[in-house]
Each structure stands twice: as C-alpha cells, then as structure tokens.
Amino acid sequence: MYQHRFEGITPVVTLWMKREPEICVEERDLVTLVWGHLYGLESYKFGSFLTKEDLLNCLGLFFGIQYHKREKKLLIFNDPIAGYRIYLYHRGGQLIMSDDWQLLTNYIRENCGKLTLNRDEFRYWLKTRFTMGDATLFNELGKLPPCVYVWIKGEKIDWVDTYLPDIPNTANRYHHVIAAVDALARNLKRLLSLCNKLPVLFFSGGRDSTLLLLILKTMGVEFKVIHWLPTHLMTDFLYRQYKQATAIANELGIKVEYVYYDTEKDWPRYANMAFHMHPFERVVPVDLLTVLEYVKTKYGEDVILLNGEIASAGFTLVSTTASKLRDLVARFTSSPYPWYGFRSGIPFMSHHRLRSYRAACIMYRSIVQPLGKVYVYLMRQISKFAPKFRYDEPFVTYARLFTKAQGMIPQGSLKPAEYFGLEMYFPYIAPEVIISRIKYMDWLYEIANPKYAVKLGIKRFGFDYDKVADVKVERLSLPDARTVDIELRRRTLKVWLTLLREYIDVSQDIVY
C-alpha cells in the first residue's frame, strides 16, 4: 500500500492507495502524483499547477494531486466520469482519500464508531442501482465527484468545483455531427498513439460501437473486435444483437472473436466478487469478467479495451434503450423546450428553478414527482453545483456526469478490468467530444431523432447501418430480455442487501 500525508493545510490530507502512483514528479517545491492512465501531458514539465485547460486536453481515466510545499496549496483533479474511483473520509481536521473502500470503512468502524445508512442515497440506489457522484450508501463515506478541479483551502471544501467549461449552446445539428465525430476520431487516434497498446473493441452491434469500429477501420491500425453472448439465458434482445454484429462485421470484412459466458453457472461465483469490487453499483458482470479473462489469457496486459457504452455522456443526455414511449418522454423532459414553455406561461416560475427540475429529470428516470423524497434529495444535490454554471447545457451535462455516468456500466466494467490488470477506456467521454455536444446540440431535432449525431456520423463513413443491421431474425422460443433482467436484478439486490448487513443495518422498509 502507498501512503502519503500532506501537512500544513486544513484539513490535513492523507492518501491510502493500493499501489504506487503512475506519475510521481517533484519539480522544485511542487509534488505531482497521478494514479490511473493520464494521456496528453507527456511533454508537460509539472513545474506549475495544472490549469483547467490542461485537463481538458487530457485523455484517460485518472486521479491526481499536486501539492506546493512552500505555498501550502493542494490541488485535486480527476477524469470526466470519476472512472478512477476515490473514496473520502472527512472529519475532525483530517481528510483521508483512498481507492480501497474496504480499507477506509474498516478504519471508520474501528476508530470512529459504526457506519450509518445514508437513507436518501439508499432510496436513489434502490431505483437506479447506483449512487450519485459524491455519495455512497454510508453517511461517513463519500467519493470524489466527476470532473473535479478542487483546491484545499480550508475545512469547508467545494467538492463540486469542476473544469467542465461554462459555455453557451448554439443549436446546429450539422456542426454538432461534424464537431463530435471529428473530435471522437481525433482523440481516439491521439489516445492510441500515446498509449501504444493493442486496441480491443467491445462490439455489441449497436450504433455506438459501430461508429467506433468505422473510425478504427479508417485509421488503418491493428485492432481486435470481441462480441460476447450467453450459453444459457439467451434472450431475444441478445440474439438480435449477435445477428446484427455478425452482419455488420461481414459487411465491413472484419473478423469478430466470439466469447461465450454462462450466467447460471458463474453468477454465484462472481456475485460476492462483484460486491467487493464495486458495492455501490448493483450489478454482477458475469459477461465482462468472462471476456476480460479471455482477453488477458490471449493477448496479455498490453492492450487497451475500448468500450462504446455511456455514449450519452458525449453525444446526448438521454439513453435510448428503454421503450419507445419512455424514450420519447425522456428526450422531451431532458430538452429545454418544455421548461421554456413553462417559463413563458408561468411568469412567477424562475429560470433557475425550472432548469433544476430539468436536471432532476435527467438525473432520475425522466419524470420526478415534485413532492417525493427523491425529488427533495435531488434538488439538494443540484444546489451544490447549480451556482457553478451560468449556461444551461453545461449545467445539465454535469448533472448527467454526476449521476448516470456513475452507473453500473463504468464501475461494473472498470473494476473487473482492474482486477485482471487491464486498461479500459470510453472514447465517448473525451472532453472535446462532450464540449462539442454542449456547444451544438440541437434538442428539437434530438426529440424526433434520438442520438442523431451517432446516426449521421455513421453515414459520414458511407455506411448504411439501417440496411445492414435490419437482419431477419427467425422466431425462436427465447425468453424476453426484460423478464430475465428483472429476475437478475432481484437476485442481485438480495445478495447486495445480505452483504451490506456485514457493514450496516440496512432497512428494507424505506418508503421510496
């Protein structure tokens, strides 16, 4: 374990990390420590504090600290989605930061008494299966929010200070497509040139991973493509994905490696492991654990895994995997148009109150009951970062990063990758890609054409996705994907509540 203590500041900061930092530089009086994978500062001399502009030019998933010994100043920063997870304990003039949640919770229980349930976060977690950007299920244990640029200046720390730029939106769907796709391709090329590892693309056959596949093919670099499917519990949705992935790969002349996993056989074995890797994201990634073991066995650790998930953080704010009606409602409530209508029709409703409700809809499940306990908690959380933004689009983008980008996909993928010693990256969360959406997103067009930037981006490569992916799937007696998902969710919740009781008394009678 790596330990470091920074004296002379309030609070005193102590690091308890699993391993030595990847970057450790002491230039004159400035100490720089970075964990994870930080690309884009290779020629940086680290003789001064990083600026927000410096971090906007960085790629990778990372956490870092800079400390000036003479000036007694400390800067904390991390990646846009807090993919390199850091947990916090702040009490009595001391701040302990660690990437090991069990080490920190054990310390709290041994030295400060028992852990107590964060009931507000527990309600949110029961519905969404993950916790928000700065919270866990324990009142005593916090976590570092995404995209932070935080100075330690006193006992009261502004944890949601961010380097996400506060810029206005000028809706232009054509500029959005060009800027977003060009930024995606440019940053992916830069990432691969800097990390010098074999790219392995996780290819589902959906539009997000297809766009990445087209970019990689155009770049002319060597890469591998993997698609996985179950040997048991094959659903109609997964079978269609398999057929689409095969059809697209055949059309492009790409070889796909198929990896098979067994949910029924491996789920009991992996459930306990998954909880201890990421206890605040309720998912057992049997598929990814199997795939990652396959990748490490065949290609070793000198690879970078490219994951097209959470593309919504970069190209839109709305997921497009639910029912068509729920998708439409989500896109409508996430857009500015209904709130502008309310503001013009109800003059006593302030702009900031309406945009906060819009952010709450993005952070939850499209519609939030204004009188519900979850809504009250959401508004309390929103009030932490609302003053940081003058403009609406960066404000709601941060709301997305603060919640949905903290979900099961990032940590449920990154922690298994870390377990096998592999690096994973989500190309869609490159800062330049996110900024292009903030600048040019056309919400009126998005309502009718979900994730239009990805669709039109694929067309820029001359590929007719709708035609190729429109595969004829014979009717099979396969279980419905939703039915299987609900059963696995119930099974996972039962395991999580049982294991959480080892740390805390988890009440199941909370009204949420």
# chains A, B, ... in the order shown; residues from 1 in each chain; ligands from 1
>>> residues_around(residues="range 393-401 of chain A", least_positions_apart="4", cutoff="6 Å", atoms="only C-alpha atoms", output="list in words")
Ile81, Asp166, Ala359, Phe389, Ala405 and Ile438 of chain A
>>> closest_atom_pairs(of="range 31-141 of chain A", to="range 265-283 of chain A", cutoff="10 Å", atoms="only C-alpha atoms", output="Markdown table")
| residue | atom | partner | partner_atom | distance |
| --- | --- | --- | --- | --- |
| A:Arg85 | CA | A:His278 | CA | 9.6 |
| A:Asp100 | CA | A:Met277 | CA | 9.1 |
| A:Trp101 | CA | A:His276 | CA | 8.8 |
| A:Gln102 | CA | A:His276 | CA | 8.1 |
| A:Phe122 | CA | A:Phe280 | CA | 9.7 |
| A:Trp125 | CA | A:Phe280 | CA | 7.9 |
| A:Leu126 | CA | A:Arg282 | CA | 9.0 |
| A:Thr128 | CA | A:Arg282 | CA | 8.9 |
| A:Arg129 | CA | A:Arg282 | CA | 5.0 |
| A:Phe130 | CA | A:Glu281 | CA | 4.4 |
| A:Thr131 | CA | A:Phe280 | CA | 6.1 |
| A:Met132 | CA | A:Phe280 | CA | 9.4 |
| A:Ala135 | CA | A:Phe280 | CA | 9.4 |
| A:Thr136 | CA | A:Phe280 | CA | 6.4 |
| A:Leu137 | CA | A:Phe280 | CA | 6.9 |
| A:Phe138 | CA | A:Phe280 | CA | 9.8 |
>>> write_last_selection(atoms="C-alpha atoms", output="compact mmCIF listing (two decimals), in the first residue's frame")
# COMPACT_ATOMS: atom_id res chain seq x y z
CA ARG A 85 -12.85 5.87 -8.14
CA ASP A 100 -9.84 0.98 -1.45
CA TRP A 101 -13.34 1.36 0.04
CA GLN A 102 -12.92 -1.56 2.45
CA PHE A 122 -30.38 4.37 -0.39
CA TRP A 125 -29.86 3.43 -5.20
CA LEU A 126 -32.86 1.12 -4.91
CA THR A 128 -31.28 3.33 -10.14
CA ARG A 129 -28.83 0.64 -8.87
CA PHE A 130 -26.01 3.18 -8.36
CA THR A 131 -25.10 6.12 -6.11
CA MET A 132 -24.54 9.75 -7.05
CA ALA A 135 -22.06 9.91 -2.10
CA THR A 136 -22.12 6.26 -1.09
CA LEU A 137 -24.66 4.27 0.93
CA PHE A 138 -22.81 5.29 4.12
>>> closest_residue(among="A:Gly407, A:Pro338, A:Gly154, A:Pro450", to="Lys73 in chain A", atoms="only C-alpha atoms")
A:Gly154
>>> residues_around(residues="Leu188 in chain A", least_positions_apart="3", cutoff="9 Å", atoms="only C-alpha atoms", output="MDAnalysis selection string")
chainID A and resid 183:185 191:193 212 215:216 427 430
>>> select_by_dssp(residues="range 12-88 of chain A", states="strand (DSSP E or B)", output="MDAnalysis selection string")
chainID A and resid 12:17 23:27 30:36 39 59 62:68 73:78 87:88
>>> residues_around(residues="Glu140 in chain A", least_positions_apart="3", cutoff="12 Å", atoms="only C-alpha atoms", output="ChimeraX atom specification")
/A:87-91,95-96,101,104-109,112-118,134-137,143,504
>>> residues_around(residues="Lys45 in chain A", least_positions_apart="3", cutoff="9 Å", atoms="only C-alpha atoms", output="list in words")
Val25, Glu27, Leu41, Glu42 and Ser48 of chain A
>>> residues_around(residues="range 14-19 of chain A", least_positions_apart="2", cutoff="12 Å", atoms="only C-alpha atoms", output="ChimeraX atom specification")
/A:1-12,21-23,33-36,63-65,74,76,84-90,93-104,107,418
>>> write_last_selection(atoms="N, CA and C atoms", output="compact mmCIF listing (two decimals), in the first residue's frame")
# COMPACT_ATOMS: atom_id res chain seq x y z
N MET A 1 0.83 -1.20 0.00
CA MET A 1 0.00 0.00 0.00
C MET A 1 0.87 1.25 0.00
N TYR A 2 0.45 2.27 -0.75
CA TYR A 2 1.18 3.53 -0.82
C TYR A 2 0.49 4.54 0.10
N GLN A 3 1.30 5.20 0.97
CA GLN A 3 0.75 6.20 1.87
C GLN A 3 1.51 7.51 1.70
N HIS A 4 0.77 8.60 1.79
CA HIS A 4 1.40 9.91 1.72
C HIS A 4 0.54 10.88 2.54
N ARG A 5 1.20 11.78 3.25
CA ARG A 5 0.50 12.74 4.10
C ARG A 5 0.95 14.15 3.75
N PHE A 6 -0.02 15.03 3.54
CA PHE A 6 0.27 16.43 3.20
C PHE A 6 -0.06 17.31 4.40
N GLU A 7 1.00 17.83 5.05
CA GLU A 7 0.85 18.67 6.25
C GLU A 7 0.78 20.15 5.87
N GLY A 8 0.40 20.96 6.84
CA GLY A 8 0.42 22.41 6.66
C GLY A 8 -0.79 22.98 5.99
N ILE A 9 -1.80 22.13 5.72
CA ILE A 9 -3.05 22.61 5.12
C ILE A 9 -4.20 22.14 6.00
N THR A 10 -5.34 22.77 5.82
CA THR A 10 -6.54 22.40 6.55
C THR A 10 -7.64 22.05 5.57
N PRO A 11 -8.12 20.81 5.63
CA PRO A 11 -7.69 19.72 6.51
C PRO A 11 -6.38 19.09 6.06
N VAL A 12 -5.74 18.37 6.98
CA VAL A 12 -4.57 17.58 6.62
C VAL A 12 -5.03 16.44 5.71
N PRO A 21 2.01 5.50 -7.39
CA PRO A 21 1.44 6.32 -8.47
C PRO A 21 2.14 6.06 -9.80
N GLU A 22 1.37 6.18 -10.89
CA GLU A 22 1.94 6.02 -12.24
C GLU A 22 2.82 7.22 -12.59
N ILE A 23 2.46 8.39 -12.09
CA ILE A 23 3.27 9.61 -12.27
C ILE A 23 3.64 10.13 -10.90
N LEU A 33 1.34 13.78 -8.11
CA LEU A 33 1.08 12.35 -8.03
C LEU A 33 -0.16 12.02 -8.84
N VAL A 34 -0.08 11.01 -9.71
CA VAL A 34 -1.21 10.63 -10.55
C VAL A 34 -1.35 9.11 -10.56
N TRP A 35 -2.59 8.65 -10.37
CA TRP A 35 -2.91 7.23 -10.48
C TRP A 35 -3.82 7.02 -11.69
N GLY A 36 -3.80 5.81 -12.22
CA GLY A 36 -4.62 5.50 -13.39
C GLY A 36 -3.83 5.74 -14.66
N PHE A 63 -6.75 9.90 -11.46
CA PHE A 63 -6.91 10.72 -10.26
C PHE A 63 -5.54 11.29 -9.93
N GLY A 64 -5.50 12.59 -9.60
CA GLY A 64 -4.21 13.19 -9.31
C GLY A 64 -4.27 14.26 -8.24
N ILE A 65 -3.09 14.51 -7.65
CA ILE A 65 -2.93 15.55 -6.63
C ILE A 65 -1.65 16.31 -6.92
N LEU A 74 -2.88 22.76 -2.25
CA LEU A 74 -3.09 21.41 -2.77
C LEU A 74 -4.24 21.41 -3.77
N ILE A 76 -6.66 18.94 -6.33
CA ILE A 76 -7.15 17.59 -6.61
C ILE A 76 -7.88 17.62 -7.95
N TYR A 84 -11.66 6.57 -12.32
CA TYR A 84 -10.74 6.09 -11.30
C TYR A 84 -11.33 6.49 -9.95
N ARG A 85 -12.03 5.58 -9.33
CA ARG A 85 -12.85 5.87 -8.14
C ARG A 85 -11.99 6.14 -6.91
N ILE A 86 -12.29 7.24 -6.23
CA ILE A 86 -11.62 7.62 -4.99
C ILE A 86 -12.67 7.84 -3.91
N TYR A 87 -12.47 7.21 -2.75
CA TYR A 87 -13.38 7.35 -1.62
C TYR A 87 -12.80 8.33 -0.60
N LEU A 88 -13.70 8.98 0.15
CA LEU A 88 -13.30 10.06 1.04
C LEU A 88 -13.85 9.86 2.45
N TYR A 89 -13.02 10.20 3.43
CA TYR A 89 -13.48 10.31 4.82
C TYR A 89 -12.96 11.64 5.35
N HIS A 90 -13.88 12.53 5.72
CA HIS A 90 -13.52 13.90 6.10
C HIS A 90 -14.12 14.18 7.47
N GLY A 93 -10.72 17.79 11.02
CA GLY A 93 -9.49 18.39 10.53
C GLY A 93 -8.63 17.46 9.71
N GLN A 94 -9.14 16.28 9.36
CA GLN A 94 -8.38 15.37 8.51
C GLN A 94 -9.24 14.87 7.36
N LEU A 95 -8.60 14.67 6.24
CA LEU A 95 -9.24 14.14 5.05
C LEU A 95 -8.42 12.94 4.58
N ILE A 96 -9.05 11.76 4.58
CA ILE A 96 -8.38 10.54 4.10
C ILE A 96 -8.99 10.18 2.76
N MET A 97 -8.14 9.95 1.77
CA MET A 97 -8.57 9.60 0.42
C MET A 97 -7.96 8.25 0.07
N SER A 98 -8.79 7.37 -0.53
CA SER A 98 -8.31 6.03 -0.84
C SER A 98 -9.06 5.46 -2.02
N ASP A 99 -8.39 4.60 -2.80
CA ASP A 99 -9.06 3.86 -3.87
C ASP A 99 -9.50 2.48 -3.39
N ASP A 100 -9.42 2.24 -2.06
CA ASP A 100 -9.84 0.98 -1.45
C ASP A 100 -10.95 1.28 -0.45
N TRP A 101 -12.20 1.01 -0.83
CA TRP A 101 -13.34 1.36 0.04
C TRP A 101 -13.35 0.54 1.32
N GLN A 102 -12.90 -0.72 1.26
CA GLN A 102 -12.92 -1.56 2.45
C GLN A 102 -11.89 -1.09 3.47
N LEU A 103 -10.74 -0.65 3.01
CA LEU A 103 -9.72 -0.13 3.92
C LEU A 103 -10.26 1.07 4.68
N LEU A 104 -10.97 1.94 3.98
CA LEU A 104 -11.49 3.15 4.60
C LEU A 104 -12.66 2.85 5.53
N TYR A 107 -11.37 1.37 8.73
CA TYR A 107 -10.79 2.41 9.59
C TYR A 107 -11.88 3.19 10.31
N GLU A 418 -9.68 -3.74 -13.90
CA GLU A 418 -8.59 -3.52 -12.94
C GLU A 418 -8.19 -4.83 -12.26
>>> closest_residue(among="A:Leu38, A:Ala179, A:Leu456, A:Val221", to="Cys195 in chain A", atoms="only C-alpha atoms")
A:Leu38
>>> closest_atom_pairs(of="range 347-443 of chain A", to="range 288-311 of chain A", cutoff="9 Å", atoms="only C-alpha atoms", output="Markdown table")
| residue | atom | partner | partner_atom | distance |
| --- | --- | --- | --- | --- |
| A:Lys404 | CA | A:Ile310 | CA | 8.4 |
| A:Ala405 | CA | A:Ile310 | CA | 6.7 |
| A:Ile409 | CA | A:Glu309 | CA | 7.1 |
| A:Pro410 | CA | A:Ile310 | CA | 7.8 |
| A:Gly412 | CA | A:Leu288 | CA | 8.4 |
| A:Ser413 | CA | A:Leu288 | CA | 6.8 |
| A:Pro416 | CA | A:Leu289 | CA | 6.0 |
| A:Ala417 | CA | A:Leu292 | CA | 6.5 |
| A:Phe420 | CA | A:Glu293 | CA | 6.9 |
| A:Gly421 | CA | A:Glu301 | CA | 6.3 |
| A:Leu422 | CA | A:Glu301 | CA | 5.5 |
| A:Glu423 | CA | A:Ile304 | CA | 5.1 |
| A:Met424 | CA | A:Leu305 | CA | 4.4 |
| A:Tyr425 | CA | A:Leu306 | CA | 5.3 |
| A:Phe426 | CA | A:Asn307 | CA | 5.0 |
| A:Pro427 | CA | A:Gly308 | CA | 6.8 |
| A:Tyr428 | CA | A:Ala311 | CA | 5.1 |
| A:Ile429 | CA | A:Ala311 | CA | 7.1 |
>>> select_by_dssp(residues="range 166-324 of chain A", states="helix (DSSP H, G or I)", output="ChimeraX atom specification")
/A:173-195,207-219,236-252,263-277,286-299,312-315,324
